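Q: Enclosed is the structure file run18.cif (mmCIF, C-alpha atoms).
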data_entry
loop_
_atom_site.label_atom_id
_atom_site.label_comp_id
_atom_site.auth_asym_id
_atom_site.auth_seq_id
_atom_site.Cartn_x
_atom_site.Cartn_y
_atom_site.Cartn_z
CA MET W 1 2.18 -47.82 -15.05
CA THR W 2 -0.72 -46.60 -17.12
CA GLU W 3 -1.86 -47.10 -20.69
CA VAL W 4 -2.25 -43.81 -22.51
CA THR W 5 -3.70 -43.07 -25.92
CA LEU W 6 -3.00 -39.72 -27.47
CA THR W 7 -2.92 -38.16 -30.89
CA VAL W 8 0.40 -36.64 -31.86
CA ASN W 9 0.61 -34.71 -35.13
CA GLY W 10 -2.55 -36.41 -36.33
CA LYS W 11 -1.39 -39.94 -35.55
CA LYS W 12 -2.81 -42.01 -32.69
CA TYR W 13 -0.37 -43.66 -30.27
CA THR W 14 -1.14 -46.10 -27.46
CA GLN W 15 1.63 -46.92 -24.99
CA VAL W 16 2.07 -48.09 -21.43
CA VAL W 17 4.12 -45.49 -19.53
CA PHE W 18 5.39 -44.76 -16.04
CA ASP W 19 2.99 -42.37 -14.32
CA HIS W 20 5.85 -40.00 -13.56
CA LEU W 21 7.07 -39.83 -17.17
CA LEU W 22 7.15 -36.25 -18.44
CA LEU W 23 5.35 -35.48 -21.68
CA ALA W 24 8.60 -34.05 -23.14
CA ASP W 25 10.39 -37.33 -22.44
CA PHE W 26 7.47 -39.34 -23.83
CA ILE W 27 7.63 -37.40 -27.09
CA ARG W 28 11.41 -37.59 -27.39
CA GLU W 29 12.22 -41.02 -25.98
CA LYS W 30 9.12 -43.07 -26.76
CA LEU W 31 7.98 -41.48 -30.02
CA LYS W 32 11.50 -40.46 -31.12
CA LEU W 33 10.23 -37.02 -32.08
CA THR W 34 13.33 -35.11 -31.04
CA GLY W 35 12.34 -31.74 -32.50
CA THR W 36 10.89 -30.85 -29.10
CA HIS W 37 13.95 -29.76 -27.13
CA ILE W 38 14.62 -29.83 -23.42
CA GLY W 39 16.69 -26.80 -22.47
CA CYS W 40 16.36 -26.04 -18.78
CA ASP W 41 13.97 -28.75 -17.58
CA THR W 42 12.65 -26.23 -15.05
CA SER W 43 9.81 -24.69 -17.12
CA GLN W 44 11.68 -21.46 -17.77
CA CYS W 45 13.32 -21.65 -21.21
CA GLY W 46 10.40 -22.73 -23.41
CA ALA W 47 12.44 -24.94 -25.78
CA CYS W 48 9.95 -27.76 -25.05
CA VAL W 49 6.78 -25.82 -25.94
CA ILE W 50 4.20 -27.89 -27.80
CA HIS W 51 0.44 -27.56 -28.26
CA VAL W 52 -2.01 -29.68 -26.29
CA ASP W 53 -5.60 -29.31 -27.51
CA GLY W 54 -4.52 -26.18 -29.35
CA LYS W 55 -2.87 -24.45 -26.39
CA SER W 56 0.85 -23.91 -25.94
CA ILE W 57 2.33 -25.63 -22.90
CA LYS W 58 5.76 -26.52 -21.61
CA SER W 59 6.01 -30.27 -22.12
CA CYS W 60 8.71 -30.59 -19.43
CA THR W 61 6.08 -29.57 -16.88
CA MET W 62 3.25 -31.88 -17.81
CA LEU W 63 3.00 -35.63 -17.40
CA ALA W 64 2.40 -38.03 -20.26
CA VAL W 65 -0.58 -39.46 -18.32
CA GLN W 66 -2.08 -35.95 -18.22
CA ALA W 67 -2.08 -35.92 -22.01
CA ASP W 68 -4.13 -39.12 -22.23
CA GLY W 69 -6.94 -38.67 -24.76
CA ARG W 70 -5.65 -35.31 -25.90
CA ASP W 71 -4.48 -33.86 -29.17
CA VAL W 72 -0.78 -32.99 -29.27
CA LEU W 73 1.01 -30.94 -31.90
CA THR W 74 4.81 -30.78 -32.04
CA ILE W 75 7.20 -28.96 -34.36
CA GLU W 76 7.28 -32.05 -36.59
CA GLY W 77 3.56 -31.74 -37.23
CA LEU W 78 3.70 -28.25 -38.76
CA ALA W 79 5.14 -28.75 -42.24
CA ASP W 80 3.07 -30.36 -44.96
CA GLY W 81 5.68 -32.69 -46.43
CA ASP W 82 8.37 -30.42 -47.86
CA VAL W 83 6.16 -27.34 -47.62
CA LEU W 84 7.00 -25.39 -44.49
CA HIS W 85 4.35 -23.95 -42.20
CA PRO W 86 4.11 -20.16 -42.75
CA MET W 87 5.71 -19.54 -39.33
CA GLN W 88 8.60 -21.86 -40.17
CA ARG W 89 8.99 -20.15 -43.54
CA ALA W 90 9.06 -16.72 -41.91
CA PHE W 91 11.81 -17.87 -39.51
CA HIS W 92 13.73 -19.31 -42.47
CA GLU W 93 13.41 -16.21 -44.62
CA ASN W 94 14.21 -13.73 -41.84
CA HIS W 95 17.01 -15.79 -40.34
CA GLY W 96 15.03 -16.02 -37.10
CA LEU W 97 17.56 -18.30 -35.49
CA GLN W 98 21.22 -18.58 -34.64
CA CYS W 99 22.09 -21.94 -33.07
CA GLY W 100 18.50 -23.12 -33.51
CA PHE W 101 18.06 -24.79 -30.14
CA CYS W 102 15.20 -22.55 -28.95
CA THR W 103 13.55 -22.46 -32.39
CA PRO W 104 10.99 -25.28 -32.02
CA GLY W 105 9.63 -23.72 -28.83
CA MET W 106 9.75 -20.21 -30.30
CA ILE W 107 7.73 -21.32 -33.32
CA MET W 108 5.13 -23.21 -31.27
CA SER W 109 4.66 -20.24 -28.93
CA ALA W 110 4.57 -17.78 -31.83
CA ILE W 111 1.80 -19.66 -33.63
CA GLU W 112 -0.48 -19.30 -30.62
CA LEU W 113 0.65 -15.73 -29.97
CA ILE W 114 -0.36 -14.29 -33.35
CA LYS W 115 -3.74 -16.04 -33.64
CA GLY W 116 -6.24 -13.37 -34.68
CA LYS W 117 -3.61 -10.63 -34.43
CA PRO W 118 -2.36 -9.70 -37.91
CA ASP W 119 -1.22 -6.29 -36.63
CA ILE W 120 0.64 -7.51 -33.56
CA THR W 121 3.24 -4.98 -32.43
CA ASP W 122 6.91 -5.49 -31.74
CA GLN W 123 6.21 -4.88 -28.05
CA GLU W 124 3.38 -7.43 -27.94
CA ILE W 125 5.59 -10.05 -29.54
CA ARG W 126 8.44 -9.42 -27.11
CA GLN W 127 6.01 -9.62 -24.20
CA GLY W 128 4.33 -12.70 -25.66
CA LEU W 129 7.68 -14.48 -25.82
CA GLU W 130 8.36 -14.04 -22.11
CA GLY W 131 8.24 -17.82 -21.68
CA ASN W 132 10.87 -18.49 -24.37
CA LEU W 133 14.56 -17.80 -23.99
CA CYS W 134 17.15 -17.54 -26.77
CA ARG W 135 20.63 -17.92 -25.31
CA CYS W 136 22.16 -16.57 -28.51
CA THR W 137 20.05 -13.46 -27.76
CA GLY W 138 18.92 -13.45 -31.37
CA TYR W 139 15.59 -11.88 -30.56
CA GLN W 140 15.73 -9.18 -33.24
CA ASN W 141 15.18 -11.55 -36.14
CA ILE W 142 12.86 -13.79 -34.15
CA VAL W 143 10.55 -10.82 -33.59
CA LYS W 144 10.87 -9.84 -37.25
CA SER W 145 9.97 -13.38 -38.36
CA ILE W 146 6.89 -13.51 -36.15
CA GLN W 147 5.73 -10.08 -37.28
CA GLU W 148 5.98 -11.15 -40.92
CA ALA W 149 4.13 -14.40 -40.26
CA ALA W 150 1.42 -12.45 -38.44
CA LYS W 151 0.84 -10.28 -41.51
CA ASN W 152 0.08 -13.44 -43.47
CA GLU W 153 -2.04 -14.58 -40.55
CA ASN W 154 -4.97 -15.55 -42.77
CA ASN W 155 -2.88 -18.38 -44.16
CA LEU W 156 -2.02 -19.63 -40.73
CA THR W 157 -4.33 -22.34 -39.60
CA ASN W 158 -3.25 -24.23 -36.58
CA ARG W 159 -4.01 -27.84 -37.37
CA MET O 1 11.56 -37.62 -10.05
CA TYR O 2 10.58 -40.34 -7.60
CA SER O 3 7.91 -42.61 -8.99
CA PHE O 4 4.24 -42.19 -8.06
CA ASN O 5 0.82 -43.29 -9.24
CA TYR O 6 -1.34 -40.76 -11.04
CA LEU O 7 -5.04 -41.11 -10.25
CA LYS O 8 -7.87 -39.40 -12.11
CA PRO O 9 -11.04 -39.52 -10.01
CA ASP O 10 -14.31 -38.77 -11.82
CA SER O 11 -15.77 -36.65 -9.04
CA ILE O 12 -14.63 -34.39 -6.24
CA LYS O 13 -16.17 -36.83 -3.73
CA GLU O 14 -13.96 -39.60 -5.06
CA ALA O 15 -10.94 -37.27 -5.03
CA GLU O 16 -11.66 -36.42 -1.40
CA SER O 17 -11.81 -40.05 -0.32
CA LEU O 18 -8.58 -40.84 -2.21
CA LEU O 19 -6.87 -37.91 -0.51
CA SER O 20 -7.93 -38.90 2.97
CA GLY O 21 -6.73 -42.44 2.25
CA ALA O 22 -3.03 -41.85 2.94
CA ASP O 23 -0.58 -39.25 4.17
CA ASP O 24 1.55 -39.47 1.03
CA ASN O 25 -1.27 -38.57 -1.36
CA LYS O 26 -1.41 -35.10 -2.90
CA VAL O 27 -3.80 -33.25 -5.15
CA ILE O 28 -2.51 -31.71 -8.38
CA SER O 29 -4.27 -29.01 -10.40
CA GLY O 30 -2.11 -27.18 -12.97
CA GLY O 31 1.10 -28.52 -11.46
CA MET O 32 3.11 -25.39 -12.22
CA THR O 33 4.69 -25.49 -8.75
CA LEU O 34 4.13 -29.10 -7.71
CA LEU O 35 5.70 -30.74 -10.77
CA PRO O 36 8.94 -28.70 -10.55
CA THR O 37 9.02 -29.55 -6.80
CA LEU O 38 8.68 -33.25 -7.59
CA LYS O 39 11.30 -33.04 -10.34
CA GLN O 40 13.78 -31.67 -7.82
CA ARG O 41 12.92 -34.51 -5.45
CA LEU O 42 11.83 -32.01 -2.82
CA ALA O 43 8.72 -34.08 -2.25
CA ARG O 44 7.90 -37.75 -2.33
CA ILE O 45 4.36 -38.78 -3.11
CA GLU O 46 2.61 -42.12 -3.25
CA ASN O 47 -0.43 -41.07 -5.28
CA LEU O 48 -0.90 -37.89 -7.24
CA ILE O 49 -4.60 -37.09 -7.58
CA GLY O 50 -5.43 -35.14 -10.73
CA LEU O 51 -8.65 -33.08 -10.56
CA GLU O 52 -9.10 -32.65 -14.32
CA LYS O 53 -12.23 -34.81 -14.46
CA CYS O 54 -13.93 -33.30 -11.41
CA GLY O 55 -15.77 -30.51 -13.25
CA LEU O 56 -14.12 -27.64 -11.37
CA ASP O 57 -13.45 -25.61 -14.50
CA LYS O 58 -16.55 -23.38 -14.67
CA ILE O 59 -16.92 -19.63 -14.25
CA VAL O 60 -20.47 -18.61 -13.27
CA LEU O 61 -22.40 -15.80 -11.66
CA LYS O 62 -24.05 -17.14 -8.52
CA GLU O 63 -26.30 -14.94 -6.37
CA GLY O 64 -24.50 -11.83 -7.54
CA LEU O 65 -21.07 -13.27 -6.86
CA LEU O 66 -18.49 -14.24 -9.44
CA ASN O 67 -17.73 -17.92 -8.84
CA ILE O 68 -14.51 -19.26 -10.38
CA GLY O 69 -13.89 -23.03 -10.30
CA ALA O 70 -10.64 -24.18 -8.69
CA MET O 71 -9.37 -25.72 -11.94
CA VAL O 72 -9.93 -22.62 -14.10
CA THR O 73 -6.60 -21.65 -15.66
CA HIS O 74 -5.08 -18.18 -15.43
CA PHE O 75 -5.53 -17.83 -19.19
CA ASP O 76 -9.25 -18.64 -18.96
CA VAL O 77 -9.73 -16.12 -16.13
CA SER O 78 -7.93 -13.46 -18.18
CA ASN O 79 -9.90 -14.29 -21.30
CA SER O 80 -13.41 -14.86 -19.89
CA ALA O 81 -16.03 -12.38 -21.09
CA LEU O 82 -17.91 -12.82 -17.80
CA VAL O 83 -14.82 -12.08 -15.67
CA LYS O 84 -13.92 -9.07 -17.84
CA THR O 85 -17.40 -7.61 -17.28
CA GLU O 86 -17.88 -8.52 -13.63
CA ASN O 87 -14.38 -8.10 -12.32
CA PRO O 88 -11.94 -6.69 -14.89
CA ALA O 89 -9.22 -6.22 -12.26
CA ILE O 90 -8.86 -9.94 -11.63
CA ALA O 91 -8.92 -10.69 -15.38
CA GLN O 92 -6.06 -8.26 -15.80
CA LEU O 93 -4.18 -9.71 -12.83
CA ALA O 94 -4.46 -13.21 -14.32
CA SER O 95 -3.12 -12.01 -17.68
CA HIS O 96 0.24 -11.14 -16.09
CA ILE O 97 0.93 -14.30 -14.08
CA GLY O 98 4.05 -16.14 -15.28
CA ASP O 99 4.16 -16.58 -19.05
CA ARG O 100 1.54 -17.72 -21.56
CA GLN O 101 2.43 -21.40 -21.20
CA VAL O 102 2.18 -21.19 -17.41
CA ARG O 103 -1.17 -19.37 -17.74
CA ASN O 104 -2.43 -22.17 -19.98
CA ARG O 105 -1.84 -24.73 -17.21
CA GLY O 106 -1.74 -22.97 -13.84
CA THR O 107 -5.03 -22.63 -11.95
CA ILE O 108 -6.58 -20.28 -9.39
CA GLY O 109 -7.22 -23.12 -6.94
CA GLY O 110 -3.64 -24.32 -7.17
CA SER O 111 -2.27 -20.83 -6.65
CA LEU O 112 -4.42 -20.25 -3.56
CA ALA O 113 -3.67 -23.65 -2.02
CA ASN O 114 0.07 -23.12 -2.54
CA ASN O 115 -0.04 -19.59 -1.01
CA ASP O 116 3.32 -18.56 -2.40
CA PRO O 117 4.28 -15.28 -0.67
CA SER O 118 4.88 -13.70 -4.10
CA ALA O 119 1.81 -15.06 -5.91
CA CYS O 120 -0.69 -12.56 -7.34
CA TYR O 121 -4.06 -14.18 -6.61
CA PRO O 122 -3.86 -14.09 -2.79
CA ALA O 123 -3.76 -10.26 -2.90
CA ALA O 124 -6.91 -10.13 -5.02
CA ILE O 125 -8.86 -12.62 -2.95
CA LEU O 126 -7.92 -10.95 0.34
CA ALA O 127 -8.57 -7.40 -0.91
CA MET O 128 -11.96 -8.35 -2.33
CA SER O 129 -12.90 -10.38 0.73
CA GLY O 130 -13.47 -13.47 -1.34
CA THR O 131 -14.69 -16.80 -0.07
CA ILE O 132 -12.81 -20.02 -0.70
CA HIS O 133 -15.20 -22.96 -1.08
CA THR O 134 -13.81 -26.37 -0.20
CA THR O 135 -15.01 -29.95 0.07
CA LYS O 136 -15.69 -29.28 3.78
CA ARG O 137 -16.71 -25.65 4.25
CA ASP O 138 -16.55 -22.04 3.11
CA ILE O 139 -13.50 -20.09 4.30
CA LYS O 140 -13.34 -16.29 4.26
CA ALA O 141 -10.11 -14.96 2.75
CA GLU O 142 -9.24 -13.32 6.10
CA ASN O 143 -9.00 -16.75 7.69
CA PHE O 144 -7.50 -18.62 4.77
CA PHE O 145 -3.94 -17.32 4.33
CA VAL O 146 -1.98 -18.38 7.41
CA ASP O 147 1.76 -18.08 6.70
CA LEU O 148 4.31 -18.69 3.93
CA PHE O 149 2.99 -21.60 1.85
CA GLU O 150 0.50 -22.31 4.62
CA THR O 151 -3.29 -22.03 4.49
CA ALA O 152 -6.24 -22.98 6.65
CA LEU O 153 -6.81 -26.05 4.47
CA GLU O 154 -6.75 -29.36 6.30
CA GLU O 155 -4.72 -32.28 4.94
CA ASP O 156 -7.73 -33.88 3.27
CA GLU O 157 -9.55 -30.72 2.19
CA ILE O 158 -9.75 -29.61 -1.46
CA ILE O 159 -10.61 -26.16 -2.85
CA THR O 160 -13.56 -26.40 -5.22
CA SER O 161 -14.13 -22.76 -6.18
CA VAL O 162 -13.72 -19.12 -5.16
CA SER O 163 -16.49 -16.49 -4.88
CA LEU O 164 -15.84 -12.79 -5.28
CA PRO O 165 -18.12 -9.82 -4.66
CA LYS O 166 -18.14 -7.05 -7.24
CA PRO O 167 -16.15 -4.02 -6.08
CA GLU O 168 -17.13 -0.49 -7.18
CA ARG O 169 -13.55 0.04 -8.27
CA ALA O 170 -10.54 -2.24 -8.21
CA ALA O 171 -7.09 -2.63 -9.71
CA TYR O 172 -3.90 -4.62 -9.29
CA GLU O 173 -0.41 -3.26 -9.77
CA LYS O 174 2.70 -5.36 -9.51
CA PHE O 175 6.40 -4.79 -9.72
CA PRO O 176 7.39 -8.07 -11.34
CA ASN O 177 10.62 -9.94 -10.98
CA PRO O 178 11.93 -9.69 -14.55
CA ALA O 179 12.84 -13.39 -14.71
CA SER O 180 9.96 -15.17 -12.97
CA ARG O 181 7.17 -12.55 -13.27
CA TYR O 182 6.40 -13.21 -9.62
CA ALA O 183 5.57 -10.05 -7.66
CA ILE O 184 8.48 -8.36 -5.89
CA VAL O 185 5.57 -6.31 -4.59
CA GLY O 186 1.96 -6.55 -5.76
CA ILE O 187 -0.94 -4.37 -4.55
CA PHE O 188 -4.62 -5.03 -4.99
CA VAL O 189 -6.88 -2.08 -4.20
CA ALA O 190 -10.65 -2.66 -3.94
CA LYS O 191 -13.23 0.02 -3.18
CA PHE O 192 -16.62 -1.12 -1.92
CA ASP O 193 -19.65 0.92 -0.88
CA SER O 194 -18.77 0.53 2.81
CA GLU O 195 -14.98 0.18 2.84
CA VAL O 196 -11.70 0.27 0.98
CA ARG O 197 -9.51 -2.83 1.21
CA VAL O 198 -5.86 -3.03 0.17
CA ALA O 199 -3.84 -6.24 0.12
CA VAL O 200 -0.11 -6.59 -0.41
CA THR O 201 1.67 -9.63 -1.84
CA GLY O 202 5.37 -10.29 -2.44
CA ALA O 203 6.46 -8.18 0.52
CA GLY O 204 5.33 -9.69 3.84
CA GLU O 205 7.49 -12.10 5.82
CA GLU O 206 4.31 -14.01 6.62
CA GLY O 207 2.82 -13.77 3.14
CA VAL O 208 -0.09 -11.67 1.91
CA PHE O 209 -1.43 -8.98 4.29
CA ARG O 210 -3.80 -6.00 4.41
CA CYS O 211 -2.34 -2.54 4.77
CA GLN O 212 -4.47 -0.57 7.27
CA GLN O 213 -2.55 2.69 6.85
CA ILE O 214 -3.35 2.83 3.15
CA GLU O 215 -6.91 1.62 3.66
CA THR O 216 -7.59 4.40 6.18
CA ALA O 217 -6.14 7.09 3.92
CA LEU O 218 -8.10 5.88 0.92
CA SER O 219 -11.33 5.55 2.91
CA ALA O 220 -11.12 9.30 3.59
CA ARG O 221 -10.50 10.17 -0.05
CA PHE O 222 -10.13 7.57 -2.77
CA LEU O 223 -7.41 9.36 -4.73
CA PRO O 224 -3.70 8.68 -5.36
CA GLU O 225 -2.84 12.01 -3.64
CA SER O 226 -4.27 10.68 -0.38
CA LEU O 227 -1.17 8.52 -0.13
CA SER O 228 1.50 11.20 -0.64
CA GLU O 229 2.19 11.57 3.09
CA ILE O 230 2.14 7.84 3.87
CA ASN O 231 5.28 6.08 5.08
CA ILE O 232 5.20 2.33 5.48
CA SER O 233 7.49 0.71 8.04
CA ALA O 234 9.92 -1.90 6.71
CA ASP O 235 9.36 -4.04 9.83
CA GLY O 236 8.00 -7.45 8.89
CA LEU O 237 8.81 -7.02 5.21
CA MET O 238 11.06 -9.41 3.29
CA SER O 239 14.65 -8.66 2.29
CA ASP O 240 16.19 -10.86 -0.39
CA ILE O 241 18.44 -10.66 -3.46
CA HIS O 242 15.63 -8.97 -5.39
CA ALA O 243 14.83 -6.11 -3.01
CA GLU O 244 15.55 -4.84 0.50
CA ALA O 245 12.68 -4.40 2.97
CA ASP O 246 12.79 -0.59 2.85
CA TYR O 247 12.64 -0.66 -0.95
CA ARG O 248 9.60 -2.93 -0.74
CA ALA O 249 8.05 -0.50 1.76
CA HIS O 250 8.55 2.30 -0.75
CA LEU O 251 7.07 0.19 -3.57
CA ILE O 252 3.94 -0.54 -1.55
CA VAL O 253 2.96 3.15 -1.47
CA GLU O 254 4.02 3.84 -5.03
CA LEU O 255 2.15 0.85 -6.46
CA ALA O 256 -0.91 1.63 -4.34
CA LYS O 257 -1.04 5.11 -5.89
CA ARG O 258 -0.82 3.60 -9.37
CA ALA O 259 -3.49 1.02 -8.57
CA VAL O 260 -5.88 3.72 -7.33
CA ALA O 261 -5.26 5.81 -10.46
CA LYS O 262 -5.81 2.76 -12.66
CA SER O 263 -9.04 1.80 -10.88
CA ILE O 264 -10.40 5.34 -11.30
CA ALA O 265 -9.49 5.43 -14.99
CA ARG O 266 -11.17 2.08 -15.64
#
Output the file's structure as structure tokens, nothing else.
A:
Amino acid sequence: MTEVTLTVNGKKYTQVVFDHLLLADFIREKLKLTGTHIGCDTSQCGACVIHVDGKSIKSCTMLAVQADGRDVLTIEGLADGDVLHPMQRAFHENHGLQCGFCTPGMIMSAIELIKGKPDITDQEIRQGLEGNLCRCTGYQNIVKSIQEAAKNENNLTNR
Amino acid sequence: MYSFNYLKPDSIKEAESLLSGADDNKVISGGMTLLPTLKQRLARIENLIGLEKCGLDKIVLKEGLLNIGAMVTHFDVSNSALVKTENPAIAQLASHIGDRQVRNRGTIGGSLANNDPSACYPAAILAMSGTIHTTKRDIKAENFFVDLFETALEEDEIITSVSLPKPERAAYEKFPNPASRYAIVGIFVAKFDSEVRVAVTGAGEEGVFRCQQIETALSARFLPESLSEINISADGLMSDIHAEADYRAHLIVELAKRAVAKSIAR
């Protein structure tokens, strides 16, 4: 076992973990942050996407020990109290979800995708979401949400 | 997953000595293949040796060659200003591997060491006659890729970086599997002053290979039309649920034409 210290959503955590513990399981089981979902567990569906040092990754395919000393951002870290992050607001206003299971991963991927691209096209968004699956096939409104959030890109700062 | 110890050596020398310490030790770079393999209990490992602290994440120009560290991620290759200037074809290739999250973790060294028969990088390295630098020696691409998931690497040898010469023209075209983005067929065409080299991934039963027929035709005239009369034999090509061997043979010529056109337009 190994002691790891990492920052998650601005808060520092130190824990002793099994070396083979996945980062997704660490976040869900140890930190009880269950907004990060595990859909396929085979790095295909993207429900577990989080940011590590500002980059989107699939947390089911990274070890907790590999995140030692790093800065992690999960879906819980986006909103400022009751004020939703602009990407969350766009999903809310455009009904960018059906069952909601893929939503945390969609939002985390989308935030990285639109960085510096206020005029991102429909095609670019669809291509950029190749690592995220929606089993409800509700892509239409997901794409619409991301496009709207991109237009307000100046307000989007990835903390 | 079976349990293992995760070790983080501070130098490549230390990593090398840890690796040679036991048969059940393995090196991990991005882990985009190794971690899923471990999760399915297809491998059992005593110590997993992470290379993240070994300083293999640089991209530099060394004696006229583009040198990419083994731990450089696909995203960083695709996004590097130096790579885009020196070798735009490989930057573009890297931008279409897997998905964004895979590109943020997966590395060039890991891809080459794994030598998946459908991986993109092996085609580029073989077509551009790259050199794979390891903890023990320098290996020319021609001698590196041995068979499916098999390379010339010894058990205790670690890739440190890859060097690539600058081709006059080059481009990569792939016909991706719509689910995995792996190449059903991928073609890398590279034109140098003295020769034209064409490597095919995704199609060969023994992994990546050079296609002499196409190379000869393009050496005479480097134009897509030079390939209109070419027929590739399906012998030695893979047949699976994604594509039959004769379809792959057809794709090789078609994608080679597109790659030549793309390299000329660039």
Q: Give the answer as one residue: which of O:Asn67, O:Asn25, O:Arg169, O:Tyr121 has the shortest atom-to-atom distance to Ile90 of chain O, using only C-alpha atoms?
A: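 Checking each candidate against Ile90 of chain O, we get O:Tyr121 as the closest.
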Q: Taking 2 positions as the minimum chain separation for residues in the same chain, which residues sit within 8 Å of segment 142-145 of chain O when counting all atoms listed in the file? Answer as a PyMOL selection string.
A: chain O and resi 115+122+126+129+132+139-140+147+150-153+207-208
Q: Compile the contact shell of segment 44-52 of chain W as a ChimeraX atom specification: residues with an atom at most 8 Å away, counting all atoms listed in the file, same-chain residues fewer than 4 positions apart removed.
A: /W:24,36-40,56-60,67,70-75,101-106,108-109,131-134 /O:101
Q: Could you write out as JSON, numbers by chain the residues that the PyMOL selection byres ((chain O and resi 80-88) around 8) matches in the shown file?
A: {"O": [59, 60, 66, 76, 77, 78, 79, 89, 90, 91, 92, 166, 167]}
Q: Between atom CA of Lys58 of chain O and atom CA of Val72 of chain O, what is the distance in Å, rounded to a tenth?
A: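 Atom-to-atom, atom CA of Lys58 of chain O to atom CA of Val72 of chain O, that is 6.7 Å.
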Q: What is the atom CA of Asn114 of chain O-atom CA of Thr216 of chain O distance in Å, reported with one decimal?
A: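 Pair atom CA of Asn114 of chain O / atom CA of Thr216 of chain O returns 29.9 Å.
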Q: May I have the residues of chain W within 8 Å of chain O, counting only C-alpha atoms, written as a short mmCIF file (atom, residue, chain, number, x, y, z; two decimals) with C-alpha atoms, keeping the file's coordinate frame?
A:
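Saved file iface-v3.cif follows:
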data_model
loop_
_atom_site.label_atom_id
_atom_site.label_comp_id
_atom_site.auth_asym_id
_atom_site.auth_seq_id
_atom_site.Cartn_x
_atom_site.Cartn_y
_atom_site.Cartn_z
CA MET W 1 2.18 -47.82 -15.05
CA PHE W 18 5.39 -44.76 -16.04
CA ASP W 19 2.99 -42.37 -14.32
CA HIS W 20 5.85 -40.00 -13.56
CA THR W 42 12.65 -26.23 -15.05
CA SER W 43 9.81 -24.69 -17.12
CA VAL W 49 6.78 -25.82 -25.94
CA LYS W 55 -2.87 -24.45 -26.39
CA SER W 56 0.85 -23.91 -25.94
CA ILE W 57 2.33 -25.63 -22.90
CA LYS W 58 5.76 -26.52 -21.61
CA THR W 61 6.08 -29.57 -16.88
CA MET W 62 3.25 -31.88 -17.81
CA VAL W 65 -0.58 -39.46 -18.32
CA GLY W 128 4.33 -12.70 -25.66
CA LEU W 129 7.68 -14.48 -25.82
CA GLU W 130 8.36 -14.04 -22.11
CA GLY W 131 8.24 -17.82 -21.68
#
Q: Can you tell me, as a ChimeraX atom specification, what residues are no more than 12 Å from Ala243 of chain O when counting all atoms listed in the file, ignoring any on the same chain fewer than 6 positions away?
A: /O:175-177,183-185,202-203,234,237,249-251
Q: Could you jot down the atom CA of Glu3 of chain W to atom CA of Thr34 of chain W separation for me, Å, one decimal place?
A: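 About the pair atom CA of Glu3 of chain W and atom CA of Thr34 of chain W: they are 21.9 Å apart.
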Q: Which residues are close to Ser17 of chain O, i.e. within 12 Å by all atoms listed in the file, leaving aside same-chain residues fewer than 4 positions away? Reply as a list in words.
A: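 The contact residues come out as Pro9, Asp10, Ser11, Ile12, Lys13, Gly21, Ala22, Asn25, Lys26, Val27, Ile49, Thr135, Glu155, Asp156, Glu157 and Ile158 of chain O.
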Q: How would you write, as a ChimeraX atom specification, the residues chosen by the PyMOL selection byres ((chain W and resi 88) around 9) on this structure?
A: /W:78-79,84-87,89-93,107,145,149
Q: Write a file of the just-selected residues containing C-alpha atoms, as a PDB file, in the frame of the given file.
A:
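Written file, again14.pdb:
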ATOM      1  CA  LEU W  78       3.700 -28.250 -38.760  1.00  0.00           C
ATOM      2  CA  ALA W  79       5.140 -28.750 -42.240  1.00  0.00           C
ATOM      3  CA  LEU W  84       7.000 -25.390 -44.490  1.00  0.00           C
ATOM      4  CA  HIS W  85       4.350 -23.950 -42.200  1.00  0.00           C
ATOM      5  CA  PRO W  86       4.110 -20.160 -42.750  1.00  0.00           C
ATOM      6  CA  MET W  87       5.710 -19.540 -39.330  1.00  0.00           C
ATOM      7  CA  ARG W  89       8.990 -20.150 -43.540  1.00  0.00           C
ATOM      8  CA  ALA W  90       9.060 -16.720 -41.910  1.00  0.00           C
ATOM      9  CA  PHE W  91      11.810 -17.870 -39.510  1.00  0.00           C
ATOM     10  CA  HIS W  92      13.730 -19.310 -42.470  1.00  0.00           C
ATOM     11  CA  GLU W  93      13.410 -16.210 -44.620  1.00  0.00           C
ATOM     12  CA  ILE W 107       7.730 -21.320 -33.320  1.00  0.00           C
ATOM     13  CA  SER W 145       9.970 -13.380 -38.360  1.00  0.00           C
ATOM     14  CA  ALA W 149       4.130 -14.400 -40.260  1.00  0.00           C
TER      15      ALA W 149
END
Q: Which protein, DNA or RNA residues are at most 8 Å from (-9.2, -6.3, -5.9) in the file's coordinates when you count only C-alpha atoms, listed as a list in words?
A: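 Checking each residue against the 8 Å limit leaves Ala89, Ile90, Ala123, Ala124, Ile125, Leu126, Ala127, Met128, Pro167, Ala170, Ala171, Tyr172, Phe188, Val189, Ala190, Lys191, Arg197 and Val198 of chain O.
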Q: Go through O:Leu56, O:Ala43, O:Ile230, O:Ile187 and flag the residue nearest Ala256 of chain O, using only C-alpha atoms for the distances.
A: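 For Ala256 of chain O, the nearest of the given residues is O:Ile187.
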